[in-house]
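Following: one structure in structure tokens, then a few remarks.
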Amino acid sequence: MLCHDGSGRIKVLVVSLLYPLPLNPARGVFVHDHVNLLQEAGHEVKVVNPLPRMPAYAEARRSTLYGVAKAPKRWMHDGVEVHCPKFFALPEHPYPSLTTFSLRRRVKRLEAALEGWRPDAIVCHTLWPVAALAQRLAQRWSVPWVGVVHGHDFDVGLSSPLRDRIARLAGDCDALVTVTPRLANMAKALPAPPKATLTIPCRTVVGKDWARAMKPWRGRWRKANLDLLFPADPRRPEKRHLLALQAGEVLEQRGWIVGITSLKHQPRDVVLDRMLVADVTVITSQREAGPLVARESLLCGTPVVSVNVGEVERYLPETWVVDATPEAIADGVERALQTGWPEGEDPAAVLAFASTEPVMQAWNEVLANLKA
């Protein structure tokens, strides 16, 4: 078993490609939430956030890269020590061996930066490419490591030239955690499946300043102002911002006065503020794991109309899950306003599977059962 004291407290190193940066606090908030959860459980946590070397102008290619060029090598975020070693990688990784080699060369410098601190376990959020570093560190320190798949590694990676490398990394870890059962089934179907596969959702919690009961809509039908929230960066093509705009045009043709707010690099409190004031959150993504923003919107008391993506069918009313057409989305928005949340149901109760207690308990069991 893992070496830890009788209290169950262990030292955990979290390795992730995505994590908040000084210039981009919205980056990788789901990993930051997990780090907070581990700390709340009493574990000692440090974070390694490997970043690709890149000039500032290249950040414009993708919103998740904003803030990477000027990121410090080491900094403190919410009381957690974060190390950001830089590795060399070309866009889309045409030479994956070069990316892996560059990551693994960071091991000795990272050891020196940690100043003798060694974890009892490593948790790696996302597999490609940073699991190559997590794997090497685990071998060097003789500790177990857990891979965490949020969606992209399997939904996109297994259909790309990197599929064999991603499959090998998934099979090498001591346990693989996926955030949805669908991803777990994909892991089990790999040619060499992981030693253990578990499903643990991302924790979904909003603070008491934002938590609200589902609010009924009151206004003049097809004559009032309608504030729609598109909870993503419009520059990300997989989020399909154009589809949301087209749905807004359909609603305007029906008489509504429509405004659409989008989110880019706003910190979590600003995102939740905007969920509070929106009439409906609209999700049009091609692929999602949760999505987390849908759950957060419900806890803020704002209806969510979504295309059938991720696991929205698990917790959204049937009439709020729609086809990916402007007319269907517009119809869904009107149904959400007209009928509201099903009477007698509490969104917080529906989302209890992703609340703090069950998610913390599941992760404590994973860490406690790992073999050294």
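The way I read the labels, and the way they are meant: chains A, B, ... in the order of the structure tokens, residue 1 as the first residue of every chain, and ligand 1 as the first ligand shown, with later ones counted on from there.
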Within 12 Å of Gly301 in chain A using only C-alpha atoms, minus same-chain residues under 4 positions, as a list in words: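 So the residues in contact are Val206, Trp210, Ala211, Arg212, Ala213, Met214, Lys215, Pro216, Trp217, Leu272, Asp273, Arg274, Met275, Leu276, Val277, Ala278, Asp279, Val280, Thr281, Ala294, Arg295, Glu296, Ser297, Gly340, Trp341, Asp346, Pro347 and Ala348 of chain A.
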Exercise: range 188-200 of chain A partners within 9 Å, only C-alpha atoms, chain neighbours under 6 positions left out, as a VMD selection string: chain A and resid 167 to 181 354 358 to 359 362 to 363 366
Take the residues that were just selected and, keeping C-alpha atoms, output them as a PDB file, in the first residue's frame.
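Saved file result_31.pdb follows:
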```pdb
ATOM      1  CA  ALA A 167      -3.337   3.845 -25.816  1.00  0.00           C
ATOM      2  CA  ARG A 168       0.056   2.786 -24.435  1.00  0.00           C
ATOM      3  CA  LEU A 169       0.039   5.553 -21.841  1.00  0.00           C
ATOM      4  CA  ALA A 170      -3.497   4.589 -20.786  1.00  0.00           C
ATOM      5  CA  GLY A 171      -2.442   0.969 -20.402  1.00  0.00           C
ATOM      6  CA  ASP A 172       0.735   1.783 -18.479  1.00  0.00           C
ATOM      7  CA  CYS A 173      -0.801   3.683 -15.556  1.00  0.00           C
ATOM      8  CA  ASP A 174      -1.641   1.884 -12.331  1.00  0.00           C
ATOM      9  CA  ALA A 175      -5.234   3.099 -12.576  1.00  0.00           C
ATOM     10  CA  LEU A 176      -7.118   5.104 -15.180  1.00  0.00           C
ATOM     11  CA  VAL A 177      -9.872   7.461 -14.068  1.00  0.00           C
ATOM     12  CA  THR A 178     -12.399   8.719 -16.605  1.00  0.00           C
ATOM     13  CA  VAL A 179     -14.946  11.411 -15.897  1.00  0.00           C
ATOM     14  CA  THR A 180     -17.853   9.626 -17.636  1.00  0.00           C
ATOM     15  CA  PRO A 181     -18.901   5.976 -18.140  1.00  0.00           C
ATOM     16  CA  ALA A 354     -20.751  15.233  -8.719  1.00  0.00           C
ATOM     17  CA  PRO A 358     -18.953  11.321  -3.250  1.00  0.00           C
ATOM     18  CA  VAL A 359     -16.131  12.616  -5.444  1.00  0.00           C
ATOM     19  CA  ALA A 362     -13.962   7.992  -4.580  1.00  0.00           C
ATOM     20  CA  TRP A 363     -10.575   9.682  -4.934  1.00  0.00           C
ATOM     21  CA  VAL A 366      -8.287   5.270  -5.434  1.00  0.00           C
TER      22      VAL A 366
END
```
Straight-line distance linking CA of Glu249 in chain A with CA of Thr319 in chain A, stated in Å to one decimal: 20.6 Å
Which of range 123-330 of chain A fall in alpha helix (DSSP H), as a ChimeraX atom specification: /A:131-141,152-155,163-172,181-188,241-253,268-277,292-299,326-330
I'd like the contact shell of range 231-243 of chain A - 7 Å cut-off, only C-alpha atoms, skipping same-chain residues fewer than 2 positions apart - returned as a PDB file with N, CA and C atoms, in the first residue's frame.
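Full text of part24.pdb as output:
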```pdb
ATOM      1  N   ARG A  62      -5.065  29.232 -30.221  1.00  0.00           N
ATOM      2  CA  ARG A  62      -6.019  28.505 -29.376  1.00  0.00           C
ATOM      3  C   ARG A  62      -6.103  29.184 -28.016  1.00  0.00           C
ATOM      4  N   LEU A 229     -26.491  32.915 -22.649  1.00  0.00           N
ATOM      5  CA  LEU A 229     -25.076  32.766 -22.304  1.00  0.00           C
ATOM      6  C   LEU A 229     -24.477  31.642 -23.128  1.00  0.00           C
ATOM      7  N   LEU A 245     -25.333  31.597 -32.564  1.00  0.00           N
ATOM      8  CA  LEU A 245     -25.769  32.856 -33.182  1.00  0.00           C
ATOM      9  C   LEU A 245     -26.973  32.634 -34.084  1.00  0.00           C
ATOM     10  N   GLN A 246     -26.957  31.534 -34.832  1.00  0.00           N
ATOM     11  CA  GLN A 246     -28.083  31.245 -35.722  1.00  0.00           C
ATOM     12  C   GLN A 246     -29.362  30.981 -34.928  1.00  0.00           C
ATOM     13  N   ALA A 247     -29.229  30.312 -33.787  1.00  0.00           N
ATOM     14  CA  ALA A 247     -30.398  30.095 -32.924  1.00  0.00           C
ATOM     15  C   ALA A 247     -30.925  31.426 -32.408  1.00  0.00           C
ATOM     16  N   SER A 262     -20.653  35.722 -24.446  1.00  0.00           N
ATOM     17  CA  SER A 262     -19.708  34.604 -24.514  1.00  0.00           C
ATOM     18  C   SER A 262     -18.638  34.773 -23.438  1.00  0.00           C
ATOM     19  N   LEU A 263     -17.920  33.702 -23.159  1.00  0.00           N
ATOM     20  CA  LEU A 263     -16.877  33.704 -22.134  1.00  0.00           C
ATOM     21  C   LEU A 263     -15.533  33.418 -22.774  1.00  0.00           C
ATOM     22  N   LYS A 264     -14.508  34.139 -22.347  1.00  0.00           N
ATOM     23  CA  LYS A 264     -13.165  33.886 -22.867  1.00  0.00           C
ATOM     24  C   LYS A 264     -12.225  33.487 -21.740  1.00  0.00           C
ATOM     25  N   THR A 284     -23.668  24.298 -27.523  1.00  0.00           N
ATOM     26  CA  THR A 284     -23.766  23.805 -28.902  1.00  0.00           C
ATOM     27  C   THR A 284     -22.530  23.002 -29.319  1.00  0.00           C
ATOM     28  N   SER A 285     -21.735  22.554 -28.366  1.00  0.00           N
ATOM     29  CA  SER A 285     -20.437  21.933 -28.658  1.00  0.00           C
ATOM     30  C   SER A 285     -20.574  20.629 -29.447  1.00  0.00           C
ATOM     31  N   GLN A 286     -19.548  20.357 -30.238  1.00  0.00           N
ATOM     32  CA  GLN A 286     -19.475  19.072 -30.936  1.00  0.00           C
ATOM     33  C   GLN A 286     -19.095  17.950 -29.992  1.00  0.00           C
ATOM     34  N   ARG A 287     -18.259  18.256 -28.997  1.00  0.00           N
ATOM     35  CA  ARG A 287     -17.817  17.238 -28.042  1.00  0.00           C
ATOM     36  C   ARG A 287     -17.622  17.890 -26.683  1.00  0.00           C
ATOM     37  N   VAL A 293     -19.787  23.369 -17.277  1.00  0.00           N
ATOM     38  CA  VAL A 293     -20.527  24.638 -17.249  1.00  0.00           C
ATOM     39  C   VAL A 293     -22.029  24.414 -17.191  1.00  0.00           C
ATOM     40  N   PRO A 326     -30.468  25.328 -35.576  1.00  0.00           N
ATOM     41  CA  PRO A 326     -30.893  26.596 -34.964  1.00  0.00           C
ATOM     42  C   PRO A 326     -32.355  26.563 -34.504  1.00  0.00           C
TER      43      PRO A 326
END
```
Strand (DSSP E or B) residues, from DSSP on the backbone, in range 82-227 of chain A, as a list in words: Val82, His83, Lys86, Phe87, Ala121, Ile122, Val123, Cys124, His125, Trp145, Val146, Gly147, Val148, Val149, Ala175, Leu176, Val177, Thr178, Thr197, Leu198, Thr199, Asn225, Leu226 and Asp227 of chain A
Non-local contacts of range 49-57 of chain A (9 Å; only C-alpha atoms; under 3 positions in same chain excluded) as a compact mmCIF listing (two decimals) with N, CA and C atoms, in the first residue's frame:
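File produced: out33.txt:
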```txt
# COMPACT_ATOMS: atom_id res chain seq x y z
N VAL A 14 0.41 16.41 -8.78
CA VAL A 14 -0.54 16.50 -9.89
C VAL A 14 0.20 17.03 -11.11
N VAL A 15 0.19 16.25 -12.18
CA VAL A 15 0.81 16.65 -13.45
C VAL A 15 -0.32 16.92 -14.44
N SER A 16 -0.29 18.08 -15.08
CA SER A 16 -1.37 18.40 -16.01
C SER A 16 -0.89 19.36 -17.08
N LEU A 17 -1.41 19.15 -18.29
CA LEU A 17 -1.13 20.08 -19.38
C LEU A 17 -1.90 21.38 -19.19
N LEU A 18 -3.02 21.32 -18.47
CA LEU A 18 -3.87 22.48 -18.28
C LEU A 18 -3.95 22.85 -16.80
N TYR A 19 -3.68 24.11 -16.50
CA TYR A 19 -3.79 24.61 -15.13
C TYR A 19 -3.82 26.13 -15.22
N ALA A 60 -2.49 33.06 -30.09
CA ALA A 60 -3.76 33.39 -30.73
C ALA A 60 -4.38 32.17 -31.43
N ARG A 61 -3.61 31.12 -31.63
CA ARG A 61 -4.12 29.95 -32.34
C ARG A 61 -5.17 29.21 -31.53
N LEU A 65 -4.04 28.27 -24.88
CA LEU A 65 -2.62 28.61 -24.86
C LEU A 65 -2.35 30.04 -24.40
N TYR A 66 -3.42 30.80 -24.18
CA TYR A 66 -3.22 32.18 -23.75
C TYR A 66 -2.52 32.22 -22.40
N GLY A 67 -1.46 33.00 -22.32
CA GLY A 67 -0.70 33.14 -21.08
C GLY A 67 0.46 32.19 -20.95
N VAL A 68 0.62 31.26 -21.91
CA VAL A 68 1.68 30.25 -21.83
C VAL A 68 3.06 30.86 -22.07
N ALA A 69 3.16 31.76 -23.04
CA ALA A 69 4.47 32.29 -23.43
C ALA A 69 5.18 32.99 -22.28
N LYS A 70 4.44 33.69 -21.44
CA LYS A 70 5.04 34.46 -20.35
C LYS A 70 4.85 33.81 -18.99
N ALA A 71 4.51 32.55 -18.98
CA ALA A 71 4.29 31.86 -17.71
C ALA A 71 5.60 31.71 -16.94
N VAL A 82 3.36 25.57 -7.83
CA VAL A 82 3.17 25.15 -9.22
C VAL A 82 4.48 25.30 -9.98
N HIS A 83 4.91 24.23 -10.64
CA HIS A 83 6.12 24.25 -11.47
C HIS A 83 5.71 24.14 -12.93
N CYS A 84 6.29 24.97 -13.78
CA CYS A 84 5.93 25.02 -15.19
C CYS A 84 7.16 24.78 -16.07
N PRO A 85 7.66 23.53 -16.13
CA PRO A 85 8.80 23.26 -17.03
C PRO A 85 8.37 23.41 -18.49
N LYS A 86 9.25 23.96 -19.31
CA LYS A 86 8.96 24.16 -20.72
C LYS A 86 9.53 23.00 -21.54
N PHE A 87 8.73 22.51 -22.48
CA PHE A 87 9.19 21.45 -23.37
C PHE A 87 9.01 21.89 -24.82
N PHE A 88 9.69 21.21 -25.71
CA PHE A 88 9.63 21.56 -27.14
C PHE A 88 8.60 20.68 -27.82
N ALA A 89 7.70 21.31 -28.55
CA ALA A 89 6.70 20.56 -29.32
C ALA A 89 6.25 21.40 -30.50
N LEU A 90 6.13 20.78 -31.66
CA LEU A 90 5.60 21.45 -32.83
C LEU A 90 4.08 21.34 -32.82
N LEU A 103 10.06 16.22 -23.06
CA LEU A 103 9.41 16.16 -21.74
C LEU A 103 10.26 15.37 -20.75
N VAL A 130 1.72 14.89 -21.58
CA VAL A 130 2.39 15.03 -20.28
C VAL A 130 2.45 13.74 -19.48
N LEU A 133 5.89 12.36 -19.05
CA LEU A 133 6.67 12.87 -17.91
C LEU A 133 6.21 12.19 -16.62
```
Atomic separation - CA of Pro291 in chain A relative to CA of Glu311 in chain A, Å: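 Atom-to-atom, CA of Glu311 in chain A and CA of Pro291 in chain A are spaced 7.4 Å apart.
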Contact residues around Arg254 in chain A with only C-alpha atoms at 12 Å, ignoring same-chain residues under 3 positions, as a PyMOL selection string: chain A and resi 221-224+226+247-251+257-258+327+330-331+334
Dump as a CSV table (one decimal), in the first residue's frame, selection limited to N, CA, C and O atoms:
```
chain,number,residue,atom,x,y,z
A,221,TRP,N,-44.0,37.4,-23.5
A,221,TRP,CA,-43.7,36.3,-24.4
A,221,TRP,C,-43.4,36.9,-25.8
A,221,TRP,O,-44.2,37.6,-26.4
A,222,ARG,N,-42.2,36.5,-26.3
A,222,ARG,CA,-41.7,36.9,-27.6
A,222,ARG,C,-41.7,38.4,-27.8
A,222,ARG,O,-41.8,38.9,-29.0
A,223,LYS,N,-41.6,39.1,-26.7
A,223,LYS,CA,-41.4,40.6,-26.9
A,223,LYS,C,-40.3,41.1,-26.0
A,223,LYS,O,-39.9,42.3,-26.1
A,224,ALA,N,-39.9,40.3,-25.0
A,224,ALA,CA,-39.0,40.8,-24.0
A,224,ALA,C,-37.5,40.6,-24.4
A,224,ALA,O,-37.2,39.9,-25.4
A,226,LEU,N,-34.0,38.9,-24.1
A,226,LEU,CA,-33.6,37.6,-23.8
A,226,LEU,C,-32.0,37.5,-23.7
A,226,LEU,O,-31.4,37.8,-24.8
A,247,ALA,N,-29.2,30.3,-33.8
A,247,ALA,CA,-30.4,30.1,-32.9
A,247,ALA,C,-30.9,31.4,-32.4
A,247,ALA,O,-32.1,31.6,-32.3
A,248,GLY,N,-30.0,32.3,-32.1
A,248,GLY,CA,-30.4,33.7,-31.7
A,248,GLY,C,-31.2,34.4,-32.7
A,248,GLY,O,-32.2,35.1,-32.5
A,249,GLU,N,-30.8,34.2,-34.0
A,249,GLU,CA,-31.5,34.9,-35.1
A,249,GLU,C,-32.9,34.3,-35.3
A,249,GLU,O,-33.8,35.1,-35.5
A,250,VAL,N,-33.0,33.0,-35.1
A,250,VAL,CA,-34.4,32.4,-35.1
A,250,VAL,C,-35.3,33.0,-34.1
A,250,VAL,O,-36.4,33.3,-34.3
A,251,LEU,N,-34.7,33.1,-32.9
A,251,LEU,CA,-35.5,33.7,-31.8
A,251,LEU,C,-35.9,35.2,-32.0
A,251,LEU,O,-37.0,35.6,-31.7
A,257,ILE,N,-36.0,40.0,-28.3
A,257,ILE,CA,-34.8,40.9,-28.4
A,257,ILE,C,-33.6,40.1,-27.7
A,257,ILE,O,-33.5,40.1,-26.5
A,258,VAL,N,-32.7,39.6,-28.6
A,258,VAL,CA,-31.8,38.6,-28.1
A,258,VAL,C,-30.4,39.2,-27.9
A,258,VAL,O,-29.9,39.9,-28.8
A,327,GLU,N,-33.2,26.0,-35.3
A,327,GLU,CA,-34.6,25.9,-35.0
A,327,GLU,C,-34.9,25.1,-33.7
A,327,GLU,O,-35.7,25.5,-32.8
A,330,ALA,N,-33.7,27.0,-30.7
A,330,ALA,CA,-34.6,28.1,-30.3
A,330,ALA,C,-35.9,27.5,-29.7
A,330,ALA,O,-36.4,28.1,-28.7
A,331,ASP,N,-36.4,26.4,-30.2
A,331,ASP,CA,-37.5,25.7,-29.6
A,331,ASP,C,-37.2,25.3,-28.1
A,331,ASP,O,-38.0,25.5,-27.2
A,334,GLU,N,-37.3,28.3,-25.7
A,334,GLU,CA,-38.6,28.7,-25.4
A,334,GLU,C,-39.3,27.7,-24.5
A,334,GLU,O,-40.0,28.1,-23.5
```
Two-atom distance - CA of Val47 in chain A, CA of Asp209 in chain A (Å): 28.1 Å
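Near Trp320 in chain A, within 10 Å and counting only C-alpha atoms, sit Val282, Pro303, Val304, Val305, Ser306, Val307, Asn308, Val312, Glu313, Leu316, Pro317, Glu318, Val322, Asp323, Ala328, Ile329, Asp331, Gly332, Val333, Glu334, Arg335, Ala336, Gly340 and Trp341 of chain A; same-chain residues fewer than 2 positions away were not included.
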May I have the selected residues written with N, CA and C atoms, as a PDB file, in the first residue's frame?
```pdb
ATOM      1  N   VAL A 282     -26.761  28.275 -23.262  1.00  0.00           N
ATOM      2  CA  VAL A 282     -26.900  27.493 -24.489  1.00  0.00           C
ATOM      3  C   VAL A 282     -25.579  26.805 -24.809  1.00  0.00           C
ATOM      4  N   PRO A 303     -31.523  27.965 -16.437  1.00  0.00           N
ATOM      5  CA  PRO A 303     -31.794  26.814 -17.302  1.00  0.00           C
ATOM      6  C   PRO A 303     -30.693  26.600 -18.336  1.00  0.00           C
ATOM      7  N   VAL A 304     -30.545  25.367 -18.787  1.00  0.00           N
ATOM      8  CA  VAL A 304     -29.533  25.009 -19.781  1.00  0.00           C
ATOM      9  C   VAL A 304     -30.210  24.275 -20.930  1.00  0.00           C
ATOM     10  N   VAL A 305     -30.018  24.782 -22.128  1.00  0.00           N
ATOM     11  CA  VAL A 305     -30.475  24.095 -23.331  1.00  0.00           C
ATOM     12  C   VAL A 305     -29.235  23.652 -24.088  1.00  0.00           C
ATOM     13  N   SER A 306     -29.167  22.367 -24.393  1.00  0.00           N
ATOM     14  CA  SER A 306     -27.937  21.816 -24.949  1.00  0.00           C
ATOM     15  C   SER A 306     -28.229  20.826 -26.066  1.00  0.00           C
ATOM     16  N   VAL A 307     -27.319  20.783 -27.031  1.00  0.00           N
ATOM     17  CA  VAL A 307     -27.340  19.673 -27.978  1.00  0.00           C
ATOM     18  C   VAL A 307     -26.966  18.408 -27.211  1.00  0.00           C
ATOM     19  N   ASN A 308     -27.231  17.265 -27.785  1.00  0.00           N
ATOM     20  CA  ASN A 308     -26.983  16.003 -27.089  1.00  0.00           C
ATOM     21  C   ASN A 308     -25.487  15.690 -27.126  1.00  0.00           C
ATOM     22  N   VAL A 312     -25.235  15.231 -20.840  1.00  0.00           N
ATOM     23  CA  VAL A 312     -26.328  16.141 -20.472  1.00  0.00           C
ATOM     24  C   VAL A 312     -27.650  15.397 -20.330  1.00  0.00           C
ATOM     25  N   GLU A 313     -27.826  14.298 -21.044  1.00  0.00           N
ATOM     26  CA  GLU A 313     -29.065  13.530 -20.922  1.00  0.00           C
ATOM     27  C   GLU A 313     -29.247  12.959 -19.513  1.00  0.00           C
ATOM     28  N   LEU A 316     -30.288  16.779 -17.481  1.00  0.00           N
ATOM     29  CA  LEU A 316     -31.165  17.822 -18.006  1.00  0.00           C
ATOM     30  C   LEU A 316     -32.548  17.246 -18.324  1.00  0.00           C
ATOM     31  N   PRO A 317     -33.605  18.043 -18.162  1.00  0.00           N
ATOM     32  CA  PRO A 317     -34.926  17.592 -18.617  1.00  0.00           C
ATOM     33  C   PRO A 317     -34.887  17.218 -20.096  1.00  0.00           C
ATOM     34  N   GLU A 318     -35.677  16.250 -20.460  1.00  0.00           N
ATOM     35  CA  GLU A 318     -35.650  15.725 -21.831  1.00  0.00           C
ATOM     36  C   GLU A 318     -35.880  16.805 -22.871  1.00  0.00           C
ATOM     37  N   VAL A 322     -31.596  19.010 -27.227  1.00  0.00           N
ATOM     38  CA  VAL A 322     -32.182  19.242 -28.548  1.00  0.00           C
ATOM     39  C   VAL A 322     -31.224  18.835 -29.661  1.00  0.00           C
ATOM     40  N   ASP A 323     -31.762  18.795 -30.874  1.00  0.00           N
ATOM     41  CA  ASP A 323     -30.942  18.535 -32.051  1.00  0.00           C
ATOM     42  C   ASP A 323     -30.055  19.741 -32.340  1.00  0.00           C
ATOM     43  N   ALA A 328     -34.214  23.917 -33.622  1.00  0.00           N
ATOM     44  CA  ALA A 328     -34.398  23.052 -32.450  1.00  0.00           C
ATOM     45  C   ALA A 328     -33.880  23.724 -31.181  1.00  0.00           C
ATOM     46  N   ILE A 329     -32.754  24.432 -31.285  1.00  0.00           N
ATOM     47  CA  ILE A 329     -32.205  25.125 -30.116  1.00  0.00           C
ATOM     48  C   ILE A 329     -33.145  26.253 -29.688  1.00  0.00           C
ATOM     49  N   ASP A 331     -36.360  26.373 -30.178  1.00  0.00           N
ATOM     50  CA  ASP A 331     -37.522  25.723 -29.558  1.00  0.00           C
ATOM     51  C   ASP A 331     -37.196  25.308 -28.124  1.00  0.00           C
ATOM     52  N   GLY A 332     -35.993  24.774 -27.918  1.00  0.00           N
ATOM     53  CA  GLY A 332     -35.581  24.352 -26.580  1.00  0.00           C
ATOM     54  C   GLY A 332     -35.515  25.514 -25.613  1.00  0.00           C
ATOM     55  N   VAL A 333     -35.011  26.658 -26.080  1.00  0.00           N
ATOM     56  CA  VAL A 333     -34.936  27.850 -25.227  1.00  0.00           C
ATOM     57  C   VAL A 333     -36.337  28.275 -24.809  1.00  0.00           C
ATOM     58  N   GLU A 334     -37.259  28.284 -25.746  1.00  0.00           N
ATOM     59  CA  GLU A 334     -38.624  28.697 -25.412  1.00  0.00           C
ATOM     60  C   GLU A 334     -39.293  27.705 -24.459  1.00  0.00           C
ATOM     61  N   ARG A 335     -39.039  26.407 -24.650  1.00  0.00           N
ATOM     62  CA  ARG A 335     -39.605  25.424 -23.725  1.00  0.00           C
ATOM     63  C   ARG A 335     -39.040  25.597 -22.318  1.00  0.00           C
ATOM     64  N   ALA A 336     -37.718  25.873 -22.244  1.00  0.00           N
ATOM     65  CA  ALA A 336     -37.094  26.063 -20.935  1.00  0.00           C
ATOM     66  C   ALA A 336     -37.691  27.272 -20.209  1.00  0.00           C
ATOM     67  N   GLY A 340     -40.025  25.681 -17.413  1.00  0.00           N
ATOM     68  CA  GLY A 340     -39.119  25.698 -16.283  1.00  0.00           C
ATOM     69  C   GLY A 340     -38.632  24.317 -15.877  1.00  0.00           C
ATOM     70  N   TRP A 341     -37.963  24.252 -14.736  1.00  0.00           N
ATOM     71  CA  TRP A 341     -37.435  22.987 -14.205  1.00  0.00           C
ATOM     72  C   TRP A 341     -38.595  22.128 -13.711  1.00  0.00           C
TER      73      TRP A 341
END
```
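Closest to Leu370 in chain A among A:Gly157, A:Pro119, A:Pro144, A:Pro72 is A:Pro144, based on only C-alpha atoms.
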For Ala132 in chain A: contacts at 9 Å, only C-alpha atoms, fewer than 3 positions along chain excluded, given as a PDB file with N, CA and C atoms, in the first residue's frame:
```pdb
ATOM      1  N   THR A 100       8.047  13.708 -26.700  1.00  0.00           N
ATOM      2  CA  THR A 100       8.265  12.833 -25.549  1.00  0.00           C
ATOM      3  C   THR A 100       9.681  12.977 -25.005  1.00  0.00           C
ATOM      4  N   PHE A 101      10.665  13.025 -25.906  1.00  0.00           N
ATOM      5  CA  PHE A 101      12.069  13.167 -25.495  1.00  0.00           C
ATOM      6  C   PHE A 101      12.273  14.474 -24.734  1.00  0.00           C
ATOM      7  N   LEU A 103      10.056  16.221 -23.059  1.00  0.00           N
ATOM      8  CA  LEU A 103       9.410  16.163 -21.743  1.00  0.00           C
ATOM      9  C   LEU A 103      10.256  15.375 -20.751  1.00  0.00           C
ATOM     10  N   ARG A 104      10.742  14.230 -21.165  1.00  0.00           N
ATOM     11  CA  ARG A 104      11.479  13.368 -20.250  1.00  0.00           C
ATOM     12  C   ARG A 104      12.822  13.976 -19.847  1.00  0.00           C
ATOM     13  N   LEU A 127      -3.562  12.718 -20.911  1.00  0.00           N
ATOM     14  CA  LEU A 127      -2.484  11.763 -21.162  1.00  0.00           C
ATOM     15  C   LEU A 127      -1.431  12.308 -22.118  1.00  0.00           C
ATOM     16  N   TRP A 128      -1.867  12.755 -23.280  1.00  0.00           N
ATOM     17  CA  TRP A 128      -0.870  13.226 -24.240  1.00  0.00           C
ATOM     18  C   TRP A 128      -0.693  14.731 -24.133  1.00  0.00           C
ATOM     19  N   PRO A 129       0.568  15.191 -24.067  1.00  0.00           N
ATOM     20  CA  PRO A 129       1.789  14.383 -23.999  1.00  0.00           C
ATOM     21  C   PRO A 129       2.356  14.231 -22.587  1.00  0.00           C
ATOM     22  N   GLN A 135       4.881   9.278 -16.261  1.00  0.00           N
ATOM     23  CA  GLN A 135       5.342   7.886 -16.318  1.00  0.00           C
ATOM     24  C   GLN A 135       6.812   7.778 -15.931  1.00  0.00           C
ATOM     25  N   ARG A 136       7.642   8.663 -16.464  1.00  0.00           N
ATOM     26  CA  ARG A 136       9.070   8.628 -16.164  1.00  0.00           C
ATOM     27  C   ARG A 136       9.322   8.961 -14.691  1.00  0.00           C
ATOM     28  N   LEU A 137       8.615   9.947 -14.156  1.00  0.00           N
ATOM     29  CA  LEU A 137       8.781  10.291 -12.747  1.00  0.00           C
ATOM     30  C   LEU A 137       8.353   9.126 -11.848  1.00  0.00           C
ATOM     31  N   LEU A 169       0.002   4.807 -23.098  1.00  0.00           N
ATOM     32  CA  LEU A 169       0.039   5.553 -21.841  1.00  0.00           C
ATOM     33  C   LEU A 169      -1.144   5.167 -20.949  1.00  0.00           C
TER      34      LEU A 169
END
```
Residue nearest Thr99 in chain A among A:Leu162, A:Pro342, A:Gly116, A:Thr126 (counting only C-alpha atoms): A:Leu162
Residue nearest Leu23 in chain A - candidates A:Arg314, A:His265, A:His150, A:Lys208, atoms counted: only C-alpha atoms: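 Closest to Leu23 in chain A, using only C-alpha atoms: A:His265.
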